[in-house]
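Engineer: The following file, model.txt, comprises compact mmCIF, C-alpha atoms (C1' of nucleotides):
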# COMPACT_ATOMS: atom_id res chain seq x y z
CA MET A 15 89.10 123.87 108.70
CA ASN A 16 86.16 121.63 109.63
CA ASP A 17 85.35 118.18 108.29
CA SER A 18 83.10 119.57 105.61
CA ASP A 19 85.83 121.92 104.39
CA ILE A 20 88.27 119.05 104.19
CA ALA A 21 85.86 117.02 102.06
CA LEU A 22 85.27 120.00 99.78
CA ARG A 23 88.97 120.71 99.32
CA LEU A 24 89.71 117.07 98.62
CA SER A 25 86.90 116.87 96.13
CA ALA A 26 88.18 119.93 94.28
CA TRP A 27 91.71 118.58 94.34
CA TRP A 28 90.44 115.26 92.96
CA GLU A 29 88.63 117.01 90.12
CA ALA A 30 91.77 118.87 89.14
CA HIS A 31 94.51 116.33 89.78
CA ALA A 32 93.16 112.77 89.63
CA ARG A 33 95.43 110.51 87.62
CA ASP A 34 93.90 109.50 84.33
CA LEU A 35 93.88 105.76 84.88
CA PRO A 36 92.08 103.80 82.16
CA TRP A 37 89.52 102.17 84.45
CA ARG A 38 88.42 105.48 85.95
CA PHE A 39 85.68 107.94 85.03
CA GLY A 40 83.19 105.32 83.92
CA ARG A 41 85.35 103.90 81.17
CA ALA A 42 85.48 100.37 82.56
CA THR A 43 82.84 97.79 83.34
CA PRO A 44 82.44 96.61 86.95
CA TRP A 45 84.45 93.54 85.98
CA GLY A 46 87.20 95.78 84.62
CA VAL A 47 87.24 97.71 87.89
CA LEU A 48 87.54 94.47 89.82
CA VAL A 49 90.46 93.36 87.64
CA SER A 50 92.21 96.67 88.26
CA GLU A 51 91.74 96.27 92.02
CA VAL A 52 93.11 92.73 92.08
CA MET A 53 96.12 93.73 89.99
CA SER A 54 96.70 96.65 92.33
CA GLN A 55 96.89 94.55 95.49
CA GLN A 56 100.37 95.30 96.86
CA THR A 57 101.36 96.68 93.46
CA GLN A 58 101.86 100.28 92.29
CA MET A 59 99.21 101.45 89.87
CA SER A 60 101.80 102.75 87.41
CA ARG A 61 102.98 99.19 86.92
CA VAL A 62 99.44 97.88 86.60
CA VAL A 63 98.23 100.07 83.72
CA PRO A 64 99.87 98.27 80.76
CA TYR A 65 99.00 94.85 82.17
CA TRP A 66 95.38 95.87 82.67
CA GLN A 67 95.06 97.24 79.13
CA GLU A 68 96.43 94.08 77.60
CA TRP A 69 94.40 91.85 79.91
CA MET A 70 91.06 93.53 79.32
CA ASN A 71 91.70 93.66 75.61
CA ARG A 72 92.23 89.93 75.61
CA TRP A 73 89.58 88.91 78.17
CA PRO A 74 86.96 91.68 78.31
CA ASP A 75 84.64 89.93 80.74
CA ALA A 76 84.50 87.18 83.32
CA ARG A 77 83.20 84.63 80.83
CA ALA A 78 86.18 85.14 78.53
CA LEU A 79 88.70 84.85 81.35
CA ALA A 80 86.98 81.76 82.71
CA ALA A 81 87.42 80.02 79.36
CA ALA A 82 91.12 80.82 78.98
CA PRO A 83 93.83 78.17 79.43
CA LYS A 84 95.54 78.53 82.81
CA ALA A 85 98.96 78.69 81.16
CA GLU A 86 97.91 81.75 79.18
CA VAL A 87 96.54 83.43 82.29
CA ILE A 88 99.75 82.84 84.20
CA THR A 89 101.87 84.05 81.30
CA ALA A 90 99.77 87.17 80.83
CA TRP A 91 100.23 88.00 84.51
CA GLY A 92 103.89 88.42 83.57
CA ARG A 93 106.03 90.09 86.21
CA LEU A 94 103.24 91.74 88.17
CA GLY A 95 104.08 89.61 91.20
CA TYR A 96 102.03 87.34 93.46
CA PRO A 97 100.95 85.12 90.55
CA ARG A 98 98.46 83.29 92.75
CA ARG A 99 96.35 86.39 92.21
CA ALA A 100 96.06 85.43 88.55
CA LEU A 101 94.70 82.00 89.37
CA ARG A 102 92.29 83.37 91.94
CA LEU A 103 91.10 85.98 89.48
CA GLN A 104 90.33 83.25 87.00
CA GLU A 105 88.52 81.21 89.68
CA CYS A 106 86.62 84.37 90.49
CA ALA A 107 85.74 84.72 86.81
CA ARG A 108 84.43 81.17 86.76
CA VAL A 109 82.14 81.79 89.70
CA VAL A 110 80.91 85.08 88.27
CA SER A 111 80.18 83.64 84.84
CA GLU A 112 78.59 80.44 86.13
CA GLU A 113 76.81 81.50 89.30
CA TYR A 114 76.04 85.11 88.45
CA SER A 115 75.42 85.03 84.69
CA ASP A 116 78.62 86.99 84.03
CA GLU A 117 77.41 89.96 86.12
CA LEU A 118 79.28 90.93 89.29
CA PRO A 119 77.09 90.71 92.40
CA HIS A 120 76.21 94.02 94.08
CA THR A 121 76.47 92.99 97.73
CA TYR A 122 79.42 92.94 100.09
CA ASP A 123 78.69 89.42 101.29
CA ALA A 124 78.55 87.99 97.77
CA LEU A 125 81.67 89.86 96.63
CA ILE A 126 83.81 88.93 99.59
CA ALA A 127 82.89 85.28 99.08
CA LEU A 128 84.57 85.34 95.65
CA PRO A 129 88.11 83.92 95.36
CA GLY A 130 90.82 86.53 95.84
CA ILE A 131 88.36 89.20 96.99
CA GLY A 132 88.82 90.44 100.54
CA ASP A 133 87.43 93.36 102.52
CA TYR A 134 89.28 96.06 100.60
CA THR A 135 88.50 94.80 97.10
CA ALA A 136 84.84 94.10 97.88
CA SER A 137 84.40 97.60 99.29
CA ALA A 138 86.30 99.21 96.44
CA VAL A 139 84.11 97.50 93.83
CA LEU A 140 80.94 98.55 95.67
CA SER A 141 82.10 102.15 95.88
CA PHE A 142 83.94 102.64 92.58
CA ALA A 143 82.06 100.32 90.25
CA PHE A 144 78.55 100.40 91.72
CA GLY A 145 78.55 103.82 93.37
CA GLN A 146 77.37 102.52 96.72
CA ARG A 147 78.08 104.25 100.02
CA VAL A 148 80.75 102.08 101.66
CA ALA A 149 83.81 102.98 103.69
CA VAL A 150 86.83 101.76 101.73
CA ILE A 151 89.78 100.91 103.93
CA ASP A 152 93.20 100.41 102.40
CA THR A 153 96.71 101.34 103.41
CA ASN A 154 96.42 104.83 101.86
CA ILE A 155 93.12 105.69 103.48
CA ARG A 156 94.27 104.40 106.84
CA ARG A 157 97.42 106.51 106.67
CA VAL A 158 95.64 109.70 105.53
CA LEU A 159 92.71 109.54 107.95
CA SER A 160 94.96 108.66 110.83
CA ARG A 161 97.30 111.55 110.09
CA VAL A 162 94.67 114.16 109.35
CA PHE A 163 92.18 113.42 112.11
CA THR A 164 94.25 111.70 114.79
CA GLY A 165 97.65 113.23 114.21
CA VAL A 166 99.54 109.96 114.40
CA GLU A 167 100.80 107.34 111.98
CA SER A 168 98.68 104.27 111.35
CA ARG A 169 100.28 101.00 112.32
CA GLY A 170 101.12 98.00 110.19
CA GLY A 171 98.96 94.89 110.22
CA SER A 172 95.24 94.84 109.66
CA ALA A 173 93.00 97.82 110.28
CA SER A 174 92.09 98.31 113.93
CA PRO A 175 88.49 98.74 115.08
CA ALA A 176 89.33 102.37 115.82
CA GLU A 177 90.53 102.91 112.26
CA ARG A 178 87.37 101.32 110.88
CA ALA A 179 85.25 103.49 113.14
CA LEU A 180 87.11 106.58 111.97
CA ALA A 181 86.64 105.68 108.31
CA ASN A 182 82.92 105.11 108.85
CA ARG A 183 82.51 108.30 110.85
CA MET A 184 84.19 110.44 108.21
CA LEU A 185 82.38 108.93 105.22
CA PRO A 186 80.03 111.61 103.84
CA GLU A 187 76.32 110.90 104.13
CA SER A 188 75.65 111.65 100.48
CA VAL A 189 76.14 108.55 98.36
CA LYS A 190 77.82 110.47 95.57
CA ARG A 191 80.10 112.36 97.90
CA SER A 192 81.06 109.16 99.65
CA VAL A 193 82.46 107.76 96.40
CA THR A 194 84.45 110.91 95.70
CA TRP A 195 85.64 110.89 99.30
CA ASN A 196 86.99 107.36 99.03
CA GLN A 197 88.65 108.10 95.69
CA SER A 198 90.18 111.38 96.75
CA VAL A 199 91.47 110.26 100.14
CA MET A 200 93.05 107.22 98.53
CA GLU A 201 94.54 109.29 95.73
CA LEU A 202 95.91 111.82 98.19
CA GLY A 203 97.62 108.98 100.04
CA ALA A 204 99.08 107.65 96.82
CA VAL A 205 100.53 110.87 95.43
CA ILE A 206 100.74 113.49 98.22
CA CYS A 207 100.36 111.98 101.67
CA THR A 208 102.83 109.18 100.98
CA ALA A 209 104.34 106.99 103.66
CA LYS A 210 107.92 108.20 103.76
CA SER A 211 107.96 111.63 102.12
CA PRO A 212 104.57 113.33 102.31
CA LEU A 213 104.41 116.50 100.20
CA CYS A 214 102.76 118.66 102.84
CA ASP A 215 103.82 121.80 100.98
CA ILE A 216 101.36 121.12 98.21
CA CYS A 217 98.71 119.25 100.20
CA PRO A 218 95.22 120.74 99.75
CA ILE A 219 94.25 119.99 103.36
CA ALA A 220 97.52 120.81 105.09
CA SER A 221 95.88 123.57 107.12
CA GLY A 222 93.44 121.06 108.58
CA CYS A 223 95.92 118.28 109.25
CA ALA A 224 96.55 117.22 112.86
CA PHE A 225 99.71 115.35 111.84
CA LEU A 226 101.31 118.41 110.29
CA LYS A 227 100.17 120.58 113.19
CA ALA A 228 101.98 118.20 115.55
CA ASP A 229 105.12 118.47 113.40
CA ARG A 230 104.65 115.04 111.84
CA PRO A 231 105.55 112.83 114.81
CA GLY A 232 107.16 109.52 113.95
CA LEU A 233 107.49 110.23 110.24
CA GLY A 234 109.84 107.73 108.69
CA GLU A 235 109.71 105.23 111.52
CA ARG A 236 109.07 101.68 110.49
CA ARG A 237 105.37 100.93 110.76
CA THR A 238 105.19 97.50 109.19
CA ARG A 239 106.71 94.19 110.15
CA PRO A 240 110.30 93.79 108.98
CA ARG A 241 110.33 92.55 105.43
CA GLN A 242 111.58 89.17 104.54
CA ARG A 243 114.78 89.44 102.53
CA PHE A 244 114.24 88.64 98.89
CA GLN A 245 117.64 87.31 97.84
CA GLY A 246 117.75 83.58 98.42
CA THR A 247 114.17 83.24 99.59
CA ASP A 248 111.58 80.81 98.32
CA ARG A 249 109.86 83.78 96.77
CA GLN A 250 112.84 84.46 94.57
CA VAL A 251 113.18 80.80 93.61
CA ARG A 252 109.48 80.46 92.83
CA GLY A 253 109.75 83.58 90.71
CA LEU A 254 112.70 82.14 88.79
CA VAL A 255 110.88 78.88 88.12
CA LEU A 256 107.79 80.63 86.83
CA ALA A 257 109.86 83.03 84.75
CA ALA A 258 111.59 80.10 83.08
CA LEU A 259 108.24 78.49 82.29
CA ARG A 260 106.77 81.70 80.92
CA GLU A 261 109.66 81.97 78.49
CA LEU A 262 108.81 78.59 76.97
CA PRO A 263 106.84 78.33 73.73
CA ALA A 264 103.18 77.50 74.42
CA HIS A 265 102.52 73.94 75.61
CA GLU A 266 106.23 73.09 75.85
CA THR A 267 107.73 71.54 78.94
CA LEU A 268 111.00 72.30 80.69
CA ALA A 269 113.21 69.21 80.79
CA ARG A 270 114.46 68.03 84.14
CA LYS A 271 118.10 69.03 83.59
CA ASN A 272 116.99 72.53 82.66
CA VAL A 273 114.79 72.70 85.72
CA ALA A 274 117.74 71.75 87.89
CA SER A 275 119.84 74.59 86.51
CA ILE A 276 117.39 77.23 87.69
CA TRP A 277 118.74 77.22 91.25
CA LYS A 278 121.83 75.79 92.91
CA ASP A 279 120.18 74.45 96.05
CA GLN A 280 118.23 71.46 94.76
CA VAL A 281 116.48 70.87 98.07
CA GLN A 282 115.10 74.38 98.14
CA LEU A 283 114.31 74.20 94.44
CA ASP A 284 112.32 70.99 94.86
CA ALA A 285 110.43 72.46 97.79
CA CYS A 286 109.55 75.52 95.77
CA ILE A 287 108.40 73.46 92.82
CA ALA A 288 106.24 71.42 95.16
CA SER A 289 104.68 74.57 96.59
CA LEU A 290 104.08 75.96 93.11
CA ASP A 291 102.42 72.66 92.22
CA ASP A 292 100.32 72.93 95.38
CA ASP A 293 99.23 76.38 94.33
CA GLY A 294 98.32 75.09 90.87
CA LEU A 295 100.88 77.34 89.21
CA VAL A 296 102.96 74.52 87.66
CA GLU A 297 102.56 70.87 86.78
CA MET A 298 105.19 68.24 87.55
CA LEU A 299 105.39 65.42 85.04
CA PRO A 300 106.46 61.90 85.96
CA ASP A 301 109.78 62.29 84.11
CA GLY A 302 110.69 65.28 86.27
CA SER A 303 109.98 67.89 83.63
CA LEU A 304 107.84 70.91 84.34
CA ARG A 305 105.19 72.94 82.55
CA LEU A 306 102.51 75.53 83.09
CA PRO A 307 99.12 73.95 83.85
CA HIS A 308 96.46 73.61 81.18
C1' DT B 30 115.53 99.58 103.32
C1' DT B 31 110.69 100.26 103.08
C1' DC B 32 106.59 100.46 100.70
C1' DC B 33 103.16 99.34 97.42
C1' DA B 34 94.56 100.41 96.02
C1' DG B 35 95.90 92.78 100.17
C1' DC B 36 94.45 87.92 100.55
C1' DT B 37 94.79 83.46 102.51
C1' DA B 38 95.87 79.80 105.58
C1' DC B 39 97.48 78.71 109.82
C1' DG C 12 97.25 87.98 115.08
C1' DT C 13 100.82 86.85 111.69
C1' DA C 14 103.79 84.37 108.05
C1' DG C 15 104.03 83.76 103.35
C1' DC C 16 103.45 85.33 98.93
C1' DG C 17 106.85 89.01 93.69
C1' DG C 18 108.83 92.27 91.92
C1' DG C 19 109.86 96.99 91.16
C1' DA C 20 110.74 101.66 92.62
C1' DA C 21 112.03 105.46 95.74
So, in terms of structure tokens, how does the structure I just supplied come out?
Structural biologist:
Amino acid sequence: MNDSDIALRLSAWWEAHARDLPWRFGRATPWGVLVSEVMSQQTQMSRVVPYWQEWMNRWPDARALAAAPKAEVITAWGRLGYPRRALRLQECARVVSEEYSDELPHTYDALIALPGIGDYTASAVLSFAFGQRVAVIDTNIRRVLSRVFTGVESRGGSASPAERALANRMLPESVKRSVTWNQSVMELGAVICTAKSPLCDICPIASGCAFLKADRPGLGERRTRPRQRFQGTDRQVRGLVLAALRELPAHETLARKNVASIWKDQVQLDACIASLDDDGLVEMLPDGSLRLPH
DNA sequence: TTCCAGCTAC
DNA sequence: GTAGCGGGAA
């Protein structure tokens, strides 16, 4: 199977099996696509769908999100994780509505300059929302291209120059095909060519895969840096603090004694509250009570 | 345990 | 280059 065959098979597989996500198939505005990408950073799409529906229903465009109270934005982010993304998305909305007349810019340089938008998200918006020919490089595409064309697992950390070169080399010349390529390679990585248990039996390009041909060397070995434990970490404590604040009726504050009961270790708790305050996710009042920012 | 459509600050 | 950042699911 040559490169062209692989692209054709993937394209056919995409047509038949693409998940019916609500921001796909031209049903979302460019802003809606961007929101879906930000919500999907380090987060499974299946978890994103209900949040995205609710979010876009409430704030259909950048202008609407820019005008929303911070507390509502943080609350609406719910349990998606990495709540700083919510604040950055709102900052992004502010820039887009004020500097770009509520229309997302169409260039990589302008997109990547927006808060919370990095290389992946900028490229994804250009390809998926604007139909431009750009190599999209995320964890799925890195894994799939590396396996299929190099026969080895991609490594953790940021994409290497070799991986970027590979992604650019394999990107079809045709603008339209390049978009389908990005979509289908990423989708294959998400549902077939997964990290730990790839379903090679039902993979449409198994017969052209160097990784399978080599008997899947190194499958299951740890490729990323060891994860920080969650129990007892600042991340858990920050999550507990925010969860407590989200439960409050709008505009209410959490009294100091209730704040203290969130976590046993008061030193760690205070440090976490300070970092949340730094991030702009909470506000500390002089009397020691706490609330979501306005 | 690892991984998940990453970004940012250091 | 890498630590820190949530929370859920396999």
Engineer: Write out as a PyMOL selection string each polymer residue whose atoms come within 10 Å of Lys190 (chain A), counting all atoms listed in the file; drop sequence neighbours fewer than 5 positions from it.
Structural biologist: chain A and resi 141+145-147+195
Engineer: Please list as a ChimeraX atom specification every residue within 9 Å of DC16 (chain C), counting only C-alpha atoms (C1' of nucleotides) and excluding residues in the same chain fewer than 4 positions away.
Structural biologist: /A:95-98,249
Engineer: Please identify every residue of chain B that has at least one atom no farther than 6 Å from an atom of chain A, counting all atoms listed in the file, and for each give the shortest atom pair and the distance in Å to one decimal, arranged by chain then increasing number, as a tab-separated table.
Structural biologist:
residue	atom	partner	partner_atom	distance
B:DC33	C1'	A:Gln56	CA	4.9
B:DA34	C1'	A:Ser54	CA	5.7
B:DG35	C1'	A:Gln55	CA	5.1
Engineer: With distances taken over all atoms listed in the file, which residue among A:Ala173, A:Leu299, A:Met15, A:Ile276 lies nearest chain C?
Structural biologist: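 Using all atoms listed in the file, the shortest distance to chain C belongs to A:Ala173.
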Engineer: Rounded to one decimal place, report the CA of Pro218 (chain A)-CA of Gly165 (chain A) distance in Å.
Structural biologist: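 Separation of CA of Pro218 (chain A) and CA of Gly165 (chain A): 16.5 Å.
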Engineer: Can you tell me which residues surround Ala220 (chain A) at a distance of at most 12 Å, considering only C-alpha atoms (C1' of nucleotides), apart from same-chain residues fewer than 3 positions away, and format the answer as a short mmCIF file (atom, residue, chain, number, x, y, z; two decimals) with C-alpha atoms, in the coordinates of the input?
Structural biologist:
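The file below, part05.cif, is the result:
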data_model
loop_
_atom_site.label_atom_id
_atom_site.label_comp_id
_atom_site.auth_asym_id
_atom_site.auth_seq_id
_atom_site.Cartn_x
_atom_site.Cartn_y
_atom_site.Cartn_z
CA MET A 15 89.10 123.87 108.70
CA ASP A 19 85.83 121.92 104.39
CA ILE A 20 88.27 119.05 104.19
CA ARG A 23 88.97 120.71 99.32
CA LEU A 24 89.71 117.07 98.62
CA VAL A 158 95.64 109.70 105.53
CA ARG A 161 97.30 111.55 110.09
CA VAL A 162 94.67 114.16 109.35
CA PHE A 163 92.18 113.42 112.11
CA GLY A 165 97.65 113.23 114.21
CA LEU A 202 95.91 111.82 98.19
CA ILE A 206 100.74 113.49 98.22
CA CYS A 207 100.36 111.98 101.67
CA PRO A 212 104.57 113.33 102.31
CA LEU A 213 104.41 116.50 100.20
CA CYS A 214 102.76 118.66 102.84
CA ASP A 215 103.82 121.80 100.98
CA ILE A 216 101.36 121.12 98.21
CA CYS A 217 98.71 119.25 100.20
CA CYS A 223 95.92 118.28 109.25
CA ALA A 224 96.55 117.22 112.86
CA PHE A 225 99.71 115.35 111.84
CA LEU A 226 101.31 118.41 110.29
CA LYS A 227 100.17 120.58 113.19
CA ALA A 228 101.98 118.20 115.55
CA ASP A 229 105.12 118.47 113.40
CA ARG A 230 104.65 115.04 111.84
#
Engineer: Need the shell around Thr267 (chain A): protein/DNA/RNA residues with any atom at most 9 Å away, counting all atoms listed in the file. Skip same-chain ones fewer than 4 positions apart. Format as number ranges by chain?
Structural biologist: A: 259, 262-263, 299, 303-306
Engineer: For His31 (chain A), please output as a ChimeraX atom specification all residues within 10 Å (counting all atoms listed in the file; exclusion window: fewer than 2 positions along the same chain).
Structural biologist: /A:25-29,33-34,198,201-202,205
Engineer: Would you please work out which residue, of A:Val255, A:Leu268, A:Arg93, A:Ala181, is nearest to chain C when using only C-alpha atoms (C1' of nucleotides)?
Structural biologist: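 The shortest atom-to-atom distance to chain C comes from A:Arg93.
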Engineer: Which is closest to chain C among A:Gln282, A:Gln250, A:Ser221, A:Thr43, if we use only C-alpha atoms (C1' of nucleotides)?
Structural biologist: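 Ranking A:Gln282, A:Gln250, A:Ser221, A:Thr43 by distance to chain C, first place goes to A:Gln250.
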Engineer: Rounded to one decimal in Å, what is the spacing between CA of Val110 (chain A) and CA of Asp75 (chain A)?
Structural biologist: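 Distance reported for this atom pair: 9.7 Å.
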Engineer: What separation in Å, quoted to one decimal, exists between CA of Ile126 (chain A) and CA of Val49 (chain A)?
Structural biologist: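 The value is 14.4 Å.
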Engineer: If I only have part of region 277-300 of chain A, can you fill in N, CA, C and O atoms and write it as a PDB file, in the coordinates of the input?
Structural biologist:
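For reference, out13.pdb as written:
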ATOM      1  N   TRP A 277     118.308  76.819  89.910  1.00  0.00           N
ATOM      2  CA  TRP A 277     118.740  77.220  91.250  1.00  0.00           C
ATOM      3  C   TRP A 277     119.719  76.190  91.799  1.00  0.00           C
ATOM      4  O   TRP A 277     119.496  74.997  91.642  1.00  0.00           O
ATOM      5  N   LYS A 278     120.762  76.676  92.438  1.00  0.00           N
ATOM      6  CA  LYS A 278     121.830  75.790  92.910  1.00  0.00           C
ATOM      7  C   LYS A 278     121.339  74.793  93.957  1.00  0.00           C
ATOM      8  O   LYS A 278     121.627  73.593  93.883  1.00  0.00           O
ATOM      9  N   ASP A 279     120.630  75.295  94.929  1.00  0.00           N
ATOM     10  CA  ASP A 279     120.180  74.450  96.050  1.00  0.00           C
ATOM     11  C   ASP A 279     119.000  73.585  95.608  1.00  0.00           C
ATOM     12  O   ASP A 279     117.860  74.056  95.553  1.00  0.00           O
ATOM     13  N   GLN A 280     119.278  72.328  95.310  1.00  0.00           N
ATOM     14  CA  GLN A 280     118.230  71.460  94.760  1.00  0.00           C
ATOM     15  C   GLN A 280     117.137  71.136  95.767  1.00  0.00           C
ATOM     16  O   GLN A 280     115.997  70.876  95.396  1.00  0.00           O
ATOM     17  N   VAL A 281     117.496  71.137  97.042  1.00  0.00           N
ATOM     18  CA  VAL A 281     116.480  70.870  98.070  1.00  0.00           C
ATOM     19  C   VAL A 281     115.461  72.000  98.104  1.00  0.00           C
ATOM     20  O   VAL A 281     114.251  71.785  98.079  1.00  0.00           O
ATOM     21  N   GLN A 282     116.004  73.228  98.138  1.00  0.00           N
ATOM     22  CA  GLN A 282     115.100  74.380  98.140  1.00  0.00           C
ATOM     23  C   GLN A 282     114.306  74.447  96.844  1.00  0.00           C
ATOM     24  O   GLN A 282     113.101  74.719  96.850  1.00  0.00           O
ATOM     25  N   LEU A 283     114.985  74.166  95.740  1.00  0.00           N
ATOM     26  CA  LEU A 283     114.310  74.200  94.440  1.00  0.00           C
ATOM     27  C   LEU A 283     113.143  73.224  94.408  1.00  0.00           C
ATOM     28  O   LEU A 283     112.034  73.576  93.987  1.00  0.00           O
ATOM     29  N   ASP A 284     113.390  71.991  94.871  1.00  0.00           N
ATOM     30  CA  ASP A 284     112.320  70.990  94.860  1.00  0.00           C
ATOM     31  C   ASP A 284     111.157  71.415  95.751  1.00  0.00           C
ATOM     32  O   ASP A 284     109.990  71.214  95.404  1.00  0.00           O
ATOM     33  N   ALA A 285     111.489  72.003  96.891  1.00  0.00           N
ATOM     34  CA  ALA A 285     110.430  72.460  97.790  1.00  0.00           C
ATOM     35  C   ALA A 285     109.594  73.550  97.132  1.00  0.00           C
ATOM     36  O   ALA A 285     108.365  73.574  97.252  1.00  0.00           O
ATOM     37  N   CYS A 286     110.268  74.429  96.430  1.00  0.00           N
ATOM     38  CA  CYS A 286     109.550  75.520  95.770  1.00  0.00           C
ATOM     39  C   CYS A 286     108.673  75.003  94.631  1.00  0.00           C
ATOM     40  O   CYS A 286     107.547  75.476  94.441  1.00  0.00           O
ATOM     41  N   ILE A 287     109.208  74.047  93.887  1.00  0.00           N
ATOM     42  CA  ILE A 287     108.400  73.460  92.820  1.00  0.00           C
ATOM     43  C   ILE A 287     107.180  72.769  93.399  1.00  0.00           C
ATOM     44  O   ILE A 287     106.064  72.879  92.867  1.00  0.00           O
ATOM     45  N   ALA A 288     107.382  72.084  94.511  1.00  0.00           N
ATOM     46  CA  ALA A 288     106.240  71.420  95.160  1.00  0.00           C
ATOM     47  C   ALA A 288     105.193  72.428  95.605  1.00  0.00           C
ATOM     48  O   ALA A 288     103.988  72.195  95.470  1.00  0.00           O
ATOM     49  N   SER A 289     105.650  73.565  96.128  1.00  0.00           N
ATOM     50  CA  SER A 289     104.680  74.570  96.590  1.00  0.00           C
ATOM     51  C   SER A 289     103.980  75.231  95.407  1.00  0.00           C
ATOM     52  O   SER A 289     102.793  75.552  95.474  1.00  0.00           O
ATOM     53  N   LEU A 290     104.722  75.420  94.321  1.00  0.00           N
ATOM     54  CA  LEU A 290     104.080  75.960  93.110  1.00  0.00           C
ATOM     55  C   LEU A 290     103.040  74.975  92.582  1.00  0.00           C
ATOM     56  O   LEU A 290     101.965  75.371  92.118  1.00  0.00           O
ATOM     57  N   ASP A 291     103.364  73.695  92.651  1.00  0.00           N
ATOM     58  CA  ASP A 291     102.420  72.660  92.220  1.00  0.00           C
ATOM     59  C   ASP A 291     101.180  72.671  93.125  1.00  0.00           C
ATOM     60  O   ASP A 291     100.054  72.580  92.649  1.00  0.00           O
ATOM     61  N   ASP A 292     101.421  72.810  94.411  1.00  0.00           N
ATOM     62  CA  ASP A 292     100.320  72.930  95.380  1.00  0.00           C
ATOM     63  C   ASP A 292      99.383  74.083  95.022  1.00  0.00           C
ATOM     64  O   ASP A 292      98.169  73.968  95.093  1.00  0.00           O
ATOM     65  N   ASP A 293     100.006  75.188  94.670  1.00  0.00           N
ATOM     66  CA  ASP A 293      99.230  76.380  94.330  1.00  0.00           C
ATOM     67  C   ASP A 293      98.512  76.245  92.991  1.00  0.00           C
ATOM     68  O   ASP A 293      97.660  77.067  92.650  1.00  0.00           O
ATOM     69  N   GLY A 294      98.906  75.236  92.195  1.00  0.00           N
ATOM     70  CA  GLY A 294      98.320  75.090  90.870  1.00  0.00           C
ATOM     71  C   GLY A 294      98.980  75.975  89.834  1.00  0.00           C
ATOM     72  O   GLY A 294      98.422  76.216  88.765  1.00  0.00           O
ATOM     73  N   LEU A 295     100.190  76.456  90.155  1.00  0.00           N
ATOM     74  CA  LEU A 295     100.880  77.340  89.210  1.00  0.00           C
ATOM     75  C   LEU A 295     101.760  76.581  88.236  1.00  0.00           C
ATOM     76  O   LEU A 295     102.112  77.089  87.178  1.00  0.00           O
ATOM     77  N   VAL A 296     102.173  75.359  88.586  1.00  0.00           N
ATOM     78  CA  VAL A 296     102.960  74.520  87.660  1.00  0.00           C
ATOM     79  C   VAL A 296     102.456  73.086  87.751  1.00  0.00           C
ATOM     80  O   VAL A 296     101.749  72.718  88.689  1.00  0.00           O
ATOM     81  N   GLU A 297     102.857  72.309  86.761  1.00  0.00           N
ATOM     82  CA  GLU A 297     102.560  70.870  86.780  1.00  0.00           C
ATOM     83  C   GLU A 297     103.860  70.093  86.685  1.00  0.00           C
ATOM     84  O   GLU A 297     104.688  70.362  85.820  1.00  0.00           O
ATOM     85  N   MET A 298     104.027  69.123  87.605  1.00  0.00           N
ATOM     86  CA  MET A 298     105.190  68.240  87.550  1.00  0.00           C
ATOM     87  C   MET A 298     104.800  66.989  86.767  1.00  0.00           C
ATOM     88  O   MET A 298     103.782  66.369  87.056  1.00  0.00           O
ATOM     89  N   LEU A 299     105.634  66.651  85.782  1.00  0.00           N
ATOM     90  CA  LEU A 299     105.390  65.420  85.040  1.00  0.00           C
ATOM     91  C   LEU A 299     106.211  64.285  85.634  1.00  0.00           C
ATOM     92  O   LEU A 299     107.204  64.532  86.311  1.00  0.00           O
ATOM     93  N   PRO A 300     105.778  63.056  85.374  1.00  0.00           N
ATOM     94  CA  PRO A 300     106.460  61.900  85.960  1.00  0.00           C
ATOM     95  C   PRO A 300     107.958  61.852  85.638  1.00  0.00           C
ATOM     96  O   PRO A 300     108.750  61.400  86.461  1.00  0.00           O
TER      97      PRO A 300
END
